[in-house]
$ cat run17.cif   # mmCIF, C-alpha atoms
data_model
#
loop_
_atom_site.label_atom_id
_atom_site.label_comp_id
_atom_site.auth_asym_id
_atom_site.auth_seq_id
_atom_site.Cartn_x
_atom_site.Cartn_y
_atom_site.Cartn_z
CA MET A 1 0.00 0.00 0.00
CA ILE A 2 2.79 2.37 1.03
CA ALA A 3 4.62 1.51 -2.19
CA TYR A 4 1.58 2.50 -4.28
CA ILE A 5 1.28 5.80 -2.44
CA LEU A 6 4.98 6.38 -3.06
CA TYR A 7 4.56 5.65 -6.80
CA ILE A 8 1.67 8.12 -7.04
CA CYS A 9 3.73 10.73 -5.16
CA ILE A 10 6.65 10.29 -7.58
CA VAL A 11 4.38 10.77 -10.61
CA LEU A 12 2.64 13.78 -9.03
CA PHE A 13 5.92 15.36 -7.96
CA LEU A 14 7.54 15.02 -11.38
CA THR A 15 4.39 16.30 -13.09
CA TYR A 16 4.42 19.32 -10.79
CA LEU A 17 8.14 19.77 -11.45
CA GLY A 18 7.34 19.92 -15.16
CA TYR A 19 4.69 22.55 -14.47
CA PHE A 20 7.15 24.48 -12.27
CA LEU A 21 9.88 24.43 -14.92
CA ALA A 22 7.50 26.01 -17.46
CA GLY A 23 6.92 28.86 -14.97
CA LYS A 24 9.19 31.34 -16.75
CA HIS A 25 7.06 31.07 -19.89
CA ARG A 26 3.91 31.79 -17.89
CA LEU A 27 5.66 34.77 -16.25
CA ALA A 28 6.62 36.06 -19.69
CA LYS A 29 3.00 35.68 -20.81
CA LYS A 30 1.76 37.70 -17.81
CA PHE A 31 4.51 40.27 -18.34
CA TYR A 32 3.54 40.80 -21.98
CA ALA A 33 -0.17 40.98 -21.13
CA SER A 34 0.59 43.78 -18.63
CA TRP A 35 3.01 45.49 -21.00
CA ASP A 36 0.37 45.48 -23.73
CA LYS A 37 -2.18 46.92 -21.27
CA PHE A 38 0.31 49.65 -20.38
CA HIS A 39 1.03 50.28 -24.07
CA GLN A 40 -2.67 50.90 -24.79
CA PHE A 41 -2.97 53.07 -21.67
CA PHE A 42 0.06 55.14 -22.61
CA LEU A 43 -1.09 55.60 -26.21
CA SER A 44 -4.45 56.92 -25.02
CA GLU A 45 -2.65 59.26 -22.59
CA VAL A 46 -0.45 60.62 -25.39
CA GLU A 47 -3.47 60.98 -27.67
CA TYR A 48 -5.78 62.71 -25.22
CA THR A 49 -4.83 63.81 -21.71
CA ARG A 50 -1.04 64.09 -22.13
CA ARG A 51 -0.38 63.75 -18.44
CA PRO A 52 3.29 63.74 -17.37
CA LEU A 53 4.88 60.31 -17.47
CA ASP A 54 5.28 59.93 -13.70
CA GLU A 55 1.57 60.53 -13.29
CA VAL A 56 0.81 58.03 -16.04
CA LEU A 57 3.02 55.42 -14.38
CA LYS A 58 1.40 56.08 -11.03
CA ARG A 59 -2.10 55.80 -12.48
CA PHE A 60 -1.44 52.55 -14.29
CA GLU A 61 -2.84 49.82 -12.12
CA ASP A 62 -1.46 46.35 -12.42
CA GLU A 63 0.32 43.74 -10.39
CA GLY A 64 3.05 41.19 -10.89
CA ASP A 65 6.48 41.51 -12.41
CA PHE A 66 5.60 44.28 -14.86
CA SER A 67 4.27 46.45 -12.08
CA GLY A 68 7.50 45.94 -10.11
CA PHE A 69 9.49 46.77 -13.21
CA LEU A 70 7.50 50.00 -13.74
CA LYS A 71 8.02 51.00 -10.12
CA GLU A 72 11.78 50.63 -10.56
CA TYR A 73 11.66 52.58 -13.83
CA ARG A 74 9.69 55.37 -12.17
CA ASN A 75 12.40 55.81 -9.55
CA ASN A 76 15.33 56.39 -11.89
CA HIS A 77 13.91 56.56 -15.43
CA LYS A 78 16.45 54.01 -16.57
CA ILE A 79 16.45 50.27 -17.09
CA GLU A 80 19.41 48.88 -15.28
CA ASN A 81 18.61 45.17 -14.98
CA SER A 82 17.45 42.66 -17.52
CA ILE A 83 14.30 40.63 -16.98
CA ASP A 84 15.55 37.09 -16.51
CA PHE A 85 12.56 35.30 -18.03
CA LEU A 86 12.81 37.30 -21.27
CA SER A 87 15.23 36.46 -24.04
CA LYS A 88 18.16 38.73 -24.94
CA GLU A 89 16.31 40.03 -27.97
CA GLU A 90 13.19 40.71 -25.89
CA ASN A 91 15.22 42.54 -23.24
CA GLU A 92 16.71 44.72 -25.96
CA PHE A 93 13.25 45.56 -27.25
CA LEU A 94 12.16 46.40 -23.69
CA LYS A 95 15.15 48.71 -23.20
CA GLU A 96 14.60 50.43 -26.52
CA TYR A 97 10.89 50.87 -25.82
CA PHE A 98 11.44 52.46 -22.42
CA SER A 99 14.39 54.56 -23.52
CA PHE A 100 12.06 56.34 -25.95
CA LEU A 101 9.22 56.77 -23.45
CA GLY A 102 8.49 60.47 -22.95
CA LYS A 103 11.58 61.57 -24.87
CA SER A 104 9.87 63.39 -27.74
CA ASP A 105 6.80 65.42 -28.60
CA TYR A 106 3.40 63.76 -28.83
CA THR A 107 3.45 63.30 -32.61
CA ALA A 108 6.75 61.42 -32.47
CA GLN A 109 5.63 59.44 -29.40
CA ARG A 110 2.35 58.48 -31.04
CA GLU A 111 4.07 57.39 -34.22
CA TYR A 112 6.87 55.48 -32.52
CA PHE A 113 4.62 53.60 -30.10
CA ASN A 114 1.93 52.92 -32.69
CA ALA A 115 4.64 51.50 -34.93
CA ASN A 116 5.70 49.20 -32.08
CA THR A 117 2.18 47.92 -31.44
CA LYS A 118 2.57 45.09 -33.95
CA LYS A 119 5.98 44.05 -32.61
CA LEU A 120 4.64 44.02 -29.07
CA ASN A 121 1.58 42.05 -30.15
CA ASP A 122 3.79 39.51 -31.89
CA TYR A 123 5.87 39.04 -28.73
CA LYS A 124 2.69 38.81 -26.67
CA LEU A 125 1.20 36.20 -28.97
CA LYS A 126 4.45 34.24 -29.00
CA SER A 127 4.60 34.32 -25.19
CA GLU A 128 1.01 33.05 -24.97
CA GLN A 129 1.80 30.21 -27.38
CA ASN A 130 5.03 29.42 -25.52
CA ALA A 131 3.26 29.37 -22.17
CA VAL A 132 0.71 26.82 -23.45
CA LYS A 133 3.29 24.84 -25.43
CA TYR A 134 5.95 24.56 -22.73
CA THR A 135 3.55 24.04 -19.83
CA ASP A 136 1.94 21.22 -21.78
CA LEU A 137 5.28 19.78 -22.84
CA TYR A 138 6.96 19.92 -19.41
CA VAL A 139 3.90 18.57 -17.61
CA LYS A 140 3.75 15.65 -20.04
CA LEU A 141 7.50 15.03 -19.78
CA GLY A 142 7.28 15.14 -15.99
CA PHE A 143 4.38 12.73 -15.98
CA LEU A 144 6.16 10.34 -18.39
CA LEU A 145 9.39 10.49 -16.40
CA GLY A 146 7.37 9.70 -13.28
CA LEU A 147 5.77 6.73 -15.01
CA ILE A 148 9.14 5.43 -16.25
CA ILE A 149 10.63 5.67 -12.76
CA VAL A 150 7.58 3.87 -11.31
CA ILE A 151 7.82 1.12 -13.97
CA LEU A 152 11.53 0.71 -13.25
CA LEU A 153 10.83 0.52 -9.53
CA ILE A 154 8.11 -2.09 -10.04
CA MET B 1 12.08 72.79 -7.02
CA LEU B 2 15.28 72.66 -9.10
CA GLU B 3 15.74 68.90 -9.03
CA PHE B 4 15.66 68.79 -12.84
CA LEU B 5 19.10 70.46 -12.94
CA PRO B 6 22.28 68.36 -13.23
CA HIS B 7 23.74 67.46 -9.84
CA PHE B 8 26.81 69.68 -10.21
CA ILE B 9 24.59 72.75 -10.67
CA GLN B 10 22.33 71.73 -7.80
CA ASN B 11 25.40 71.39 -5.57
CA ALA B 12 26.68 74.82 -6.62
CA ILE B 13 23.28 76.41 -5.93
CA GLN B 14 23.38 75.03 -2.41
CA ASN B 15 26.19 77.52 -1.81
CA VAL B 16 24.05 80.55 -2.65
CA ASN B 17 21.02 82.01 -0.89
CA ILE B 18 18.10 80.59 -2.87
CA HIS B 19 15.83 83.46 -1.74
CA ARG B 20 18.04 85.90 -3.61
CA LEU B 21 18.38 83.76 -6.71
CA TYR B 22 15.94 84.94 -9.39
CA GLU B 23 17.22 83.44 -12.58
CA LEU B 24 19.69 80.96 -14.04
CA ARG B 25 21.05 81.31 -17.55
CA LEU B 26 22.37 78.05 -18.96
CA ARG B 27 23.99 78.22 -22.38
CA ALA B 28 25.59 75.14 -23.90
CA GLU B 29 29.39 75.12 -23.47
CA ARG B 30 29.26 78.66 -21.97
CA PRO B 31 29.76 79.85 -18.39
CA ILE B 32 26.63 79.64 -16.26
CA LYS B 33 25.22 82.98 -15.15
CA ILE B 34 22.73 83.66 -12.41
CA ASN B 35 20.64 86.66 -11.49
CA TYR B 36 21.54 87.05 -7.86
CA ASP B 37 19.83 89.87 -6.01
CA GLY B 38 19.15 91.65 -9.30
CA GLN B 39 22.72 91.38 -10.64
CA TYR B 40 24.06 88.92 -13.20
CA VAL B 41 27.03 87.01 -11.82
CA TYR B 42 28.80 83.75 -12.68
CA LEU B 43 28.06 80.50 -10.89
CA GLY B 44 31.07 78.47 -9.80
CA LYS B 45 31.45 75.18 -7.97
CA ASN B 46 31.25 76.89 -4.58
CA GLY B 47 28.69 79.54 -5.43
CA VAL B 48 29.11 83.00 -6.91
CA VAL B 49 32.46 83.61 -8.64
CA ALA B 50 33.87 86.83 -10.03
CA ARG B 51 35.72 85.49 -13.05
CA ARG B 52 34.21 83.98 -16.16
CA GLU B 53 36.94 81.28 -16.28
CA GLN B 54 35.93 79.96 -12.85
CA ALA B 55 32.31 79.52 -13.81
CA LEU B 56 30.70 76.13 -14.38
CA LYS B 57 29.72 75.09 -17.89
CA ILE B 58 26.97 72.84 -19.15
CA THR B 59 27.20 70.55 -22.18
CA TYR B 60 24.58 70.10 -24.92
CA ALA B 61 23.76 66.62 -23.62
CA GLU B 62 23.31 67.88 -20.06
CA LEU B 63 21.06 70.64 -21.35
CA GLU B 64 18.93 68.06 -23.13
CA ASP B 65 18.73 65.88 -20.00
CA CYS B 66 17.75 68.96 -18.06
CA ILE B 67 14.80 69.64 -20.40
CA PHE B 68 13.75 65.99 -20.27
CA ALA B 69 13.75 66.05 -16.46
CA ALA B 70 12.01 69.45 -16.34
CA SER B 71 9.24 68.10 -18.53
CA GLY B 72 8.59 65.43 -15.89
CA TYR B 73 10.33 62.90 -18.17
CA SER B 74 7.57 63.47 -20.71
CA VAL B 75 8.38 65.92 -23.47
CA TYR B 76 5.06 65.01 -25.15
CA SER B 77 3.17 66.64 -22.27
CA VAL B 78 4.88 70.01 -22.84
CA SER B 79 5.33 70.00 -26.63
CA GLU B 80 2.72 72.74 -27.14
CA GLN B 81 4.60 74.92 -24.64
CA MET B 82 7.92 74.12 -26.26
CA LYS B 83 6.62 75.37 -29.60
CA GLU B 84 6.27 78.72 -27.82
CA CYS B 85 9.84 78.41 -26.51
CA PHE B 86 9.07 77.78 -22.88
CA LEU B 87 8.07 75.07 -20.49
CA THR B 88 6.84 75.24 -16.94
CA THR B 89 7.74 72.47 -14.52
CA GLN B 90 5.12 70.93 -12.28
CA LYS B 91 6.46 73.06 -9.45
CA GLY B 92 5.96 76.29 -11.40
CA VAL B 93 9.53 76.97 -12.48
CA ARG B 94 9.49 78.52 -15.94
CA LEU B 95 12.19 77.63 -18.44
CA GLY B 96 12.63 79.86 -21.45
CA LEU B 97 14.18 77.92 -24.33
CA ALA B 98 16.31 79.02 -27.23
CA GLY B 99 17.08 76.69 -30.10
CA THR B 100 15.99 75.97 -33.64
CA LEU B 101 12.30 76.28 -34.49
CA VAL B 102 11.02 73.83 -37.06
CA ARG B 103 8.37 75.28 -39.37
CA GLU B 104 5.93 73.58 -41.68
CA LYS B 105 3.52 75.61 -43.81
CA GLU B 106 4.11 78.75 -41.75
CA LYS B 107 3.32 76.87 -38.53
CA ILE B 108 5.83 76.07 -35.84
CA VAL B 109 5.82 72.30 -35.39
CA ALA B 110 8.70 71.80 -32.99
CA LEU B 111 11.67 73.28 -31.23
CA ARG B 112 14.87 71.29 -31.64
CA SER B 113 18.55 71.60 -30.72
CA VAL B 114 18.02 73.69 -27.62
CA THR B 115 21.12 75.74 -26.87
CA SER B 116 20.04 78.00 -24.00
CA LEU B 117 17.79 77.87 -20.98
CA CYS B 118 16.57 80.83 -18.99
CA ILE B 119 15.27 79.44 -15.72
CA ARG B 120 13.14 81.82 -13.68
CA ILE B 121 12.74 80.83 -10.08
CA PRO B 122 9.43 81.82 -8.50
CA HIS B 123 9.39 83.13 -4.94
CA PRO B 124 6.29 83.60 -2.82
CA VAL B 125 6.76 87.08 -1.33
CA LEU B 126 4.16 87.77 1.32
CA HIS B 127 2.98 91.41 1.51
CA CYS B 128 4.72 92.37 -1.74
CA ALA B 129 1.34 93.46 -3.13
CA ASP B 130 0.13 95.40 -0.07
CA LEU B 131 0.75 98.80 -1.63
CA VAL B 132 -0.99 97.89 -4.88
CA TYR B 133 -3.85 96.20 -3.05
CA ASP B 134 -4.41 99.17 -0.73
CA ALA B 135 -4.37 101.64 -3.60
CA CYS B 136 -6.44 99.67 -6.09
CA GLU B 137 -8.58 96.97 -4.53
CA LYS B 138 -9.07 97.60 -0.83
CA ASP B 139 -12.26 99.70 -0.92
CA GLN B 140 -13.65 98.21 -4.13
CA LEU B 141 -12.47 95.88 -6.85
CA ARG B 142 -10.98 97.68 -9.83
CA SER B 143 -9.56 96.48 -13.11
CA CYS B 144 -5.88 97.23 -13.17
CA ILE B 145 -2.78 96.44 -15.13
CA LEU B 146 0.77 96.00 -13.84
CA LEU B 147 3.37 97.31 -16.25
CA SER B 148 7.13 96.83 -16.38
CA ALA B 149 9.96 95.37 -18.40
CA PRO B 150 10.42 91.57 -18.01
CA GLY B 151 11.75 90.31 -14.70
CA TYR B 152 10.49 92.99 -12.30
CA GLY B 153 8.17 90.82 -10.24
CA LYS B 154 4.79 91.38 -11.87
CA THR B 155 3.80 87.72 -11.61
CA THR B 156 4.78 87.57 -7.93
CA VAL B 157 2.63 90.63 -7.21
CA LEU B 158 -0.26 89.19 -9.25
CA ARG B 159 -0.07 85.95 -7.28
CA GLU B 160 -0.12 87.84 -4.01
CA LEU B 161 -3.04 90.01 -5.23
CA ALA B 162 -4.97 86.83 -6.06
CA ARG B 163 -4.35 85.60 -2.53
CA LEU B 164 -5.36 88.92 -0.92
CA ILE B 165 -8.53 89.30 -2.99
CA GLY B 166 -9.50 85.72 -2.21
CA GLU B 167 -9.00 86.42 1.48
CA ASN B 168 -10.83 89.75 1.60
CA TYR B 169 -13.61 89.18 -0.92
CA PRO B 170 -14.91 85.72 -0.08
CA GLN B 171 -18.12 86.36 -2.05
CA LYS B 172 -16.24 86.87 -5.28
CA ASN B 173 -15.22 84.11 -7.68
CA ILE B 174 -11.70 84.51 -8.94
CA LEU B 175 -10.50 82.95 -12.15
CA ILE B 176 -6.79 82.76 -12.87
CA ALA B 177 -6.06 82.47 -16.59
CA ASP B 178 -2.58 81.07 -16.14
CA GLU B 179 -1.18 80.69 -19.62
CA ARG B 180 2.29 79.72 -18.43
CA GLY B 181 1.44 78.03 -15.14
CA GLU B 182 3.42 80.56 -13.12
CA ILE B 183 0.75 82.41 -11.12
CA SER B 184 -0.78 79.30 -9.60
CA CYS B 185 2.43 77.55 -8.59
CA PHE B 186 1.99 78.76 -4.99
CA ASP B 187 -1.10 79.19 -2.85
CA VAL B 188 -3.71 81.38 -4.54
CA ASN B 189 -6.55 80.78 -2.09
CA ASP B 190 -9.87 79.58 -3.52
CA ALA B 191 -9.29 80.78 -7.07
CA ASP B 192 -10.28 78.68 -10.09
CA VAL B 193 -7.24 78.10 -12.26
CA LEU B 194 -7.26 77.57 -16.03
CA LYS B 195 -3.72 76.54 -16.91
CA TYR B 196 -1.94 76.74 -20.26
CA ALA B 197 -4.92 78.13 -22.19
CA ASN B 198 -4.38 81.22 -24.29
CA LYS B 199 -6.15 84.36 -23.07
CA LYS B 200 -8.88 84.26 -25.70
CA ASP B 201 -9.86 80.68 -24.85
CA ALA B 202 -9.46 81.14 -21.11
CA PHE B 203 -11.64 84.26 -21.06
CA SER B 204 -14.26 82.70 -23.30
CA PHE B 205 -14.41 79.29 -21.52
CA GLY B 206 -14.13 80.91 -18.11
CA LEU B 207 -16.92 83.43 -18.73
CA ARG B 208 -19.26 80.78 -20.04
CA SER B 209 -18.67 78.05 -17.52
CA LEU B 210 -17.06 79.37 -14.35
CA ARG B 211 -18.95 82.64 -13.78
CA PRO B 212 -16.00 84.63 -12.45
CA ASP B 213 -16.20 88.07 -10.85
CA VAL B 214 -12.49 88.69 -11.11
CA ILE B 215 -10.07 87.43 -13.75
CA ILE B 216 -6.37 87.51 -13.05
CA THR B 217 -3.94 86.94 -15.88
CA ASP B 218 -0.39 87.81 -16.85
CA GLU B 219 1.71 88.89 -19.82
CA LEU B 220 -0.98 90.35 -22.07
CA GLN B 221 0.00 90.50 -25.73
CA GLU B 222 -1.43 92.89 -28.27
CA ASN B 223 -4.07 90.45 -29.48
CA ASP B 224 -5.26 89.68 -25.92
CA TYR B 225 -6.60 93.15 -25.18
CA ALA B 226 -9.85 92.64 -27.10
CA ALA B 227 -10.82 89.74 -24.82
CA VAL B 228 -9.82 91.77 -21.76
CA LYS B 229 -11.91 94.77 -22.87
CA GLN B 230 -14.86 92.52 -23.56
CA ALA B 231 -14.63 91.09 -20.03
CA ILE B 232 -14.35 94.55 -18.45
CA ASP B 233 -17.28 95.80 -20.53
CA ALA B 234 -19.25 92.79 -19.31
CA GLY B 235 -18.78 94.05 -15.75
CA LEU B 236 -15.89 91.87 -14.63
CA THR B 237 -12.78 92.99 -12.84
CA VAL B 238 -9.62 92.12 -14.73
CA ILE B 239 -6.24 92.30 -13.08
CA ALA B 240 -3.45 91.73 -15.55
CA SER B 241 0.18 92.39 -16.29
CA ALA B 242 2.04 93.31 -19.45
CA HIS B 243 5.52 94.17 -20.60
CA TYR B 244 5.76 97.90 -21.04
CA GLY B 245 8.63 100.28 -20.61
CA GLY B 246 7.19 103.60 -21.75
CA GLU B 247 5.24 106.45 -20.19
CA ILE B 248 1.77 105.86 -18.80
CA ALA B 249 0.34 108.61 -21.01
CA ASP B 250 1.47 106.64 -24.08
CA PHE B 251 0.01 103.32 -22.98
CA PRO B 252 -2.59 102.59 -25.68
CA TYR B 253 -5.19 100.58 -23.77
CA LYS B 254 -7.23 102.93 -21.63
CA PHE B 255 -10.00 100.70 -20.33
CA PHE B 256 -8.39 99.81 -16.97
CA GLN B 257 -9.18 101.80 -13.83
CA ARG B 258 -5.66 101.65 -12.46
CA TYR B 259 -2.22 101.47 -14.11
CA ILE B 260 0.70 100.35 -11.97
CA LEU B 261 4.11 101.15 -13.30
CA PHE B 262 6.98 99.22 -11.70
CA ASP B 263 10.26 100.74 -10.67
CA ASN B 264 12.97 99.59 -13.08
CA GLN B 265 15.60 99.78 -10.37
CA LYS B 266 13.88 97.79 -7.62
CA ILE B 267 12.23 94.44 -8.24
CA GLY B 268 8.57 94.27 -7.19
CA GLN B 269 8.34 97.95 -6.27
CA ALA B 270 5.60 100.17 -7.76
CA ALA B 271 7.01 103.48 -9.02
CA GLY B 272 3.57 104.91 -9.71
CA ILE B 273 -0.09 103.97 -9.49
CA TYR B 274 -2.14 105.94 -12.00
CA ASP B 275 -5.85 106.42 -12.45
CA LYS B 276 -7.70 106.71 -15.75
CA ASN B 277 -6.74 110.37 -16.07
CA GLY B 278 -3.06 109.62 -15.67
CA GLN B 279 -2.86 111.06 -12.17
CA ASN B 280 -0.33 109.39 -9.90
CA LEU B 281 -2.03 108.25 -6.70
CA LEU B 282 1.15 107.53 -4.78
#

$ encode --input "run17.cif" --output "structure tokens"
Amino acid sequence: MIAYILYICIVLFLTYLGYFLAGKHRLAKKFYASWDKFHQFFLSEVEYTRRPLDEVLKRFEDEGDFSGFLKEYRNNHKIENSIDFLSKEENEFLKEYFSFLGKSDYTAQREYFNANTKKLNDYKLKSEQNAVKYTDLYVKLGFLLGLIIVILLI
Amino acid sequence: MLEFLPHFIQNAIQNVNIHRLYELRLRAERPIKINYDGQYVYLGKNGVVARREQALKITYAELEDCIFAASGYSVYSVSEQMKECFLTTQKGVRLGLAGTLVREKEKIVALRSVTSLCIRIPHPVLHCADLVYDACEKDQLRSCILLSAPGYGKTTVLRELARLIGENYPQKNILIADERGEISCFDVNDADVLKYANKKDAFSFGLRSLRPDVIITDELQENDYAAVKQAIDAGLTVIASAHYGGEIADFPYKFFQRYILFDNQKIGQAAGIYDKNGQNLL
């Protein structure tokens, strides 16, 4: 009986491990969802109310990693650290995006950020697909590994 | 208030008396000058210096960073102001800008390559408007205009007048048409403030929606006087300021009840307060 419970625990643990290992892809998905929300919010601010950036950043309500990132950006208006769950290319895009934030008049801001909408959407879509793909893959691999170990033990 | 300046300038300013500092002139790759107690002097590492060679200098890049910080890290929010060669920080510090204006079909579309900044530091000076208030507004509200060359404290006196009228005429609604955001940067009592609107719009919107009894505004230009006259004719009290360095008798707009001419030797000091007939009441 104890052996069966142990086998189930092994399978469950390795399945969970698979889910855990895909965590960075889910974090990236959440990060991009928040970034996209901020992007839309900022574009509407530039288009209509044109509030100063600090006020915009303060007014933007969100939680999670992106919110923490914005808080850090608000303090020194620079991006000093890379986001570890984003790729090198994605981190470069993030840096470029924020280095242009607020730096020009509203026409240039509107044009630059509108032009980046597609790129951001592509990254967002990719992160959503990756989150589903890798969570699915790692969970299955974890489950299979668990089964193999159980079969070997039996 | 001056946190948008580079650290080395902020440190140097700590060595001067901020209450006597009226203006900073930053020109790219040139010695920094300050208006200290009414005199232009050079700013060195440890405060005021006598020689040009000892003065601090600012680079083009630092000047650009300075504008970015002064705009609250959002140039887009002040681009309309920048087209008129100024920007006002959120704390009411006005920066005059010199650079290259970009034109498109006779319209100014941007200001680029800024080379100079003229930073005017506002000071709340309590009781600086007592003389003007006693002579013009104490017994009844009168439309008046403060006249002087730039930099003689008209805005400071206007701000103080707004505060005094608010305090002594609680039944009256005051509207401040603050085109450059300078009047309302300190306490102006219960006044309604319309910021960054040109005079024509501010007077028109204000009259229609805010029902003011008194309108306070600064730096009237030639094309603003029609709106001012219309408001006075409609029974409102208008208290305004304008740049003028001539004689009162030659001042072309005669629809105010009082004309206050500032002393061009002493900042914030009225040299004469004139009625409609040109008689000096001082």

$ residues_around --input "run17.cif" --residues "Val214 in chain B" --least-positions-apart "3" --cutoff "6 Å" --atoms "only C-alpha atoms" --output "PDB file with C-alpha atoms, in the coordinates of the input"
ATOM      1  CA  ILE B 174     -11.700  84.510  -8.940  1.00  0.00           C
ATOM      2  CA  LEU B 236     -15.890  91.870 -14.630  1.00  0.00           C
ATOM      3  CA  THR B 237     -12.780  92.990 -12.840  1.00  0.00           C
ATOM      4  CA  VAL B 238      -9.620  92.120 -14.730  1.00  0.00           C
TER       5      VAL B 238
END

$ resolve_selection --input "run17.cif" --expression "the PyMOL selection byres ((chain B) within 8 of (chain A))" --output "list in words"
Phe68, Ser71, Gly72, Tyr73, Ser74, Val75, Tyr76, Ser77, Val78, Ser79 and Ala110 of chain B

$ resolve_selection --input "run17.cif" --expression "the PyMOL selection byres ((chain B and resi 162) around 12)" --output "PyMOL selection string"
chain B and resi 126-130+132-133+137+141+155-161+163-170+172-178+183-184+186-193+214-218+238-240

$ resolve_selection --input "run17.cif" --expression "the PyMOL selection byres ((chain B and resi 6) around 10)" --output "mmCIF file with C-alpha atoms, in the frame of the given file"
data_model
loop_
_atom_site.group_PDB
_atom_site.id
_atom_site.type_symbol
_atom_site.label_atom_id
_atom_site.label_comp_id
_atom_site.auth_asym_id
_atom_site.auth_seq_id
_atom_site.Cartn_x
_atom_site.Cartn_y
_atom_site.Cartn_z
ATOM 1 C CA LEU B 2 15.280 72.660 -9.100
ATOM 2 C CA GLU B 3 15.740 68.900 -9.030
ATOM 3 C CA PHE B 4 15.660 68.790 -12.840
ATOM 4 C CA LEU B 5 19.100 70.460 -12.940
ATOM 5 C CA HIS B 7 23.740 67.460 -9.840
ATOM 6 C CA PHE B 8 26.810 69.680 -10.210
ATOM 7 C CA ILE B 9 24.590 72.750 -10.670
ATOM 8 C CA GLN B 10 22.330 71.730 -7.800
ATOM 9 C CA ASN B 11 25.400 71.390 -5.570
ATOM 10 C CA ILE B 58 26.970 72.840 -19.150
ATOM 11 C CA GLU B 62 23.310 67.880 -20.060
ATOM 12 C CA LEU B 63 21.060 70.640 -21.350
ATOM 13 C CA ASP B 65 18.730 65.880 -20.000
ATOM 14 C CA CYS B 66 17.750 68.960 -18.060
ATOM 15 C CA ALA B 69 13.750 66.050 -16.460
#

$ closest_residue --input "run17.cif" --among "B:Lys195, B:His123, B:Arg52, B:Lys57" --to "His19 in chain B" --atoms "only C-alpha atoms"
B:His123

$ atom_distance --input "run17.cif" --atom1 "CA of Arg211 in chain B" --atom2 "CA of Lys91 in chain B"
27.5 Å

$ residues_around --input "run17.cif" --residues "range 35-44 of chain B" --least-positions-apart "4" --cutoff "12 Å" --atoms "only C-alpha atoms" --output "ChimeraX atom specification"
/B:8-26,30-31,48-58,118-121,151-153,264-268

$ atom_distance --input "run17.cif" --atom1 "CA of Ala149 in chain B" --atom2 "CA of Ile67 in chain B"
26.3 Å

$ build_atoms --input "run17.cif" --residues "range 8-20 of chain A" --atoms "N, CA and C atoms" --output "PDB file, in the frame of the given file"
ATOM      1  N   ILE A   8       2.552   6.996  -6.652  1.00  0.00           N
ATOM      2  CA  ILE A   8       1.670   8.120  -7.040  1.00  0.00           C
ATOM      3  C   ILE A   8       2.360   9.453  -6.738  1.00  0.00           C
ATOM      4  N   CYS A   9       3.026   9.486  -5.557  1.00  0.00           N
ATOM      5  CA  CYS A   9       3.730  10.730  -5.160  1.00  0.00           C
ATOM      6  C   CYS A   9       4.828  11.076  -6.158  1.00  0.00           C
ATOM      7  N   ILE A  10       5.555  10.044  -6.609  1.00  0.00           N
ATOM      8  CA  ILE A  10       6.650  10.290  -7.580  1.00  0.00           C
ATOM      9  C   ILE A  10       6.080  10.893  -8.858  1.00  0.00           C
ATOM     10  N   VAL A  11       4.982  10.287  -9.365  1.00  0.00           N
ATOM     11  CA  VAL A  11       4.380  10.770 -10.610  1.00  0.00           C
ATOM     12  C   VAL A  11       3.878  12.211 -10.422  1.00  0.00           C
ATOM     13  N   LEU A  12       3.184  12.427  -9.284  1.00  0.00           N
ATOM     14  CA  LEU A  12       2.640  13.780  -9.030  1.00  0.00           C
ATOM     15  C   LEU A  12       3.763  14.816  -8.902  1.00  0.00           C
ATOM     16  N   PHE A  13       4.805  14.430  -8.182  1.00  0.00           N
ATOM     17  CA  PHE A  13       5.920  15.360  -7.960  1.00  0.00           C
ATOM     18  C   PHE A  13       6.591  15.751  -9.279  1.00  0.00           C
ATOM     19  N   LEU A  14       6.861  14.739 -10.112  1.00  0.00           N
ATOM     20  CA  LEU A  14       7.540  15.020 -11.380  1.00  0.00           C
ATOM     21  C   LEU A  14       6.637  15.786 -12.358  1.00  0.00           C
ATOM     22  N   THR A  15       5.337  15.531 -12.258  1.00  0.00           N
ATOM     23  CA  THR A  15       4.390  16.300 -13.090  1.00  0.00           C
ATOM     24  C   THR A  15       4.418  17.767 -12.648  1.00  0.00           C
ATOM     25  N   TYR A  16       4.381  17.945 -11.313  1.00  0.00           N
ATOM     26  CA  TYR A  16       4.420  19.320 -10.790  1.00  0.00           C
ATOM     27  C   TYR A  16       5.749  19.998 -11.156  1.00  0.00           C
ATOM     28  N   LEU A  17       6.828  19.221 -11.094  1.00  0.00           N
ATOM     29  CA  LEU A  17       8.140  19.770 -11.450  1.00  0.00           C
ATOM     30  C   LEU A  17       8.140  20.286 -12.895  1.00  0.00           C
ATOM     31  N   GLY A  18       7.490  19.497 -13.759  1.00  0.00           N
ATOM     32  CA  GLY A  18       7.340  19.920 -15.160  1.00  0.00           C
ATOM     33  C   GLY A  18       6.605  21.234 -15.252  1.00  0.00           C
ATOM     34  N   TYR A  19       5.496  21.322 -14.477  1.00  0.00           N
ATOM     35  CA  TYR A  19       4.690  22.550 -14.470  1.00  0.00           C
ATOM     36  C   TYR A  19       5.521  23.726 -13.948  1.00  0.00           C
ATOM     37  N   PHE A  20       6.302  23.448 -12.897  1.00  0.00           N
ATOM     38  CA  PHE A  20       7.150  24.480 -12.270  1.00  0.00           C
ATOM     39  C   PHE A  20       8.210  24.984 -13.259  1.00  0.00           C
TER      40      PHE A  20
END
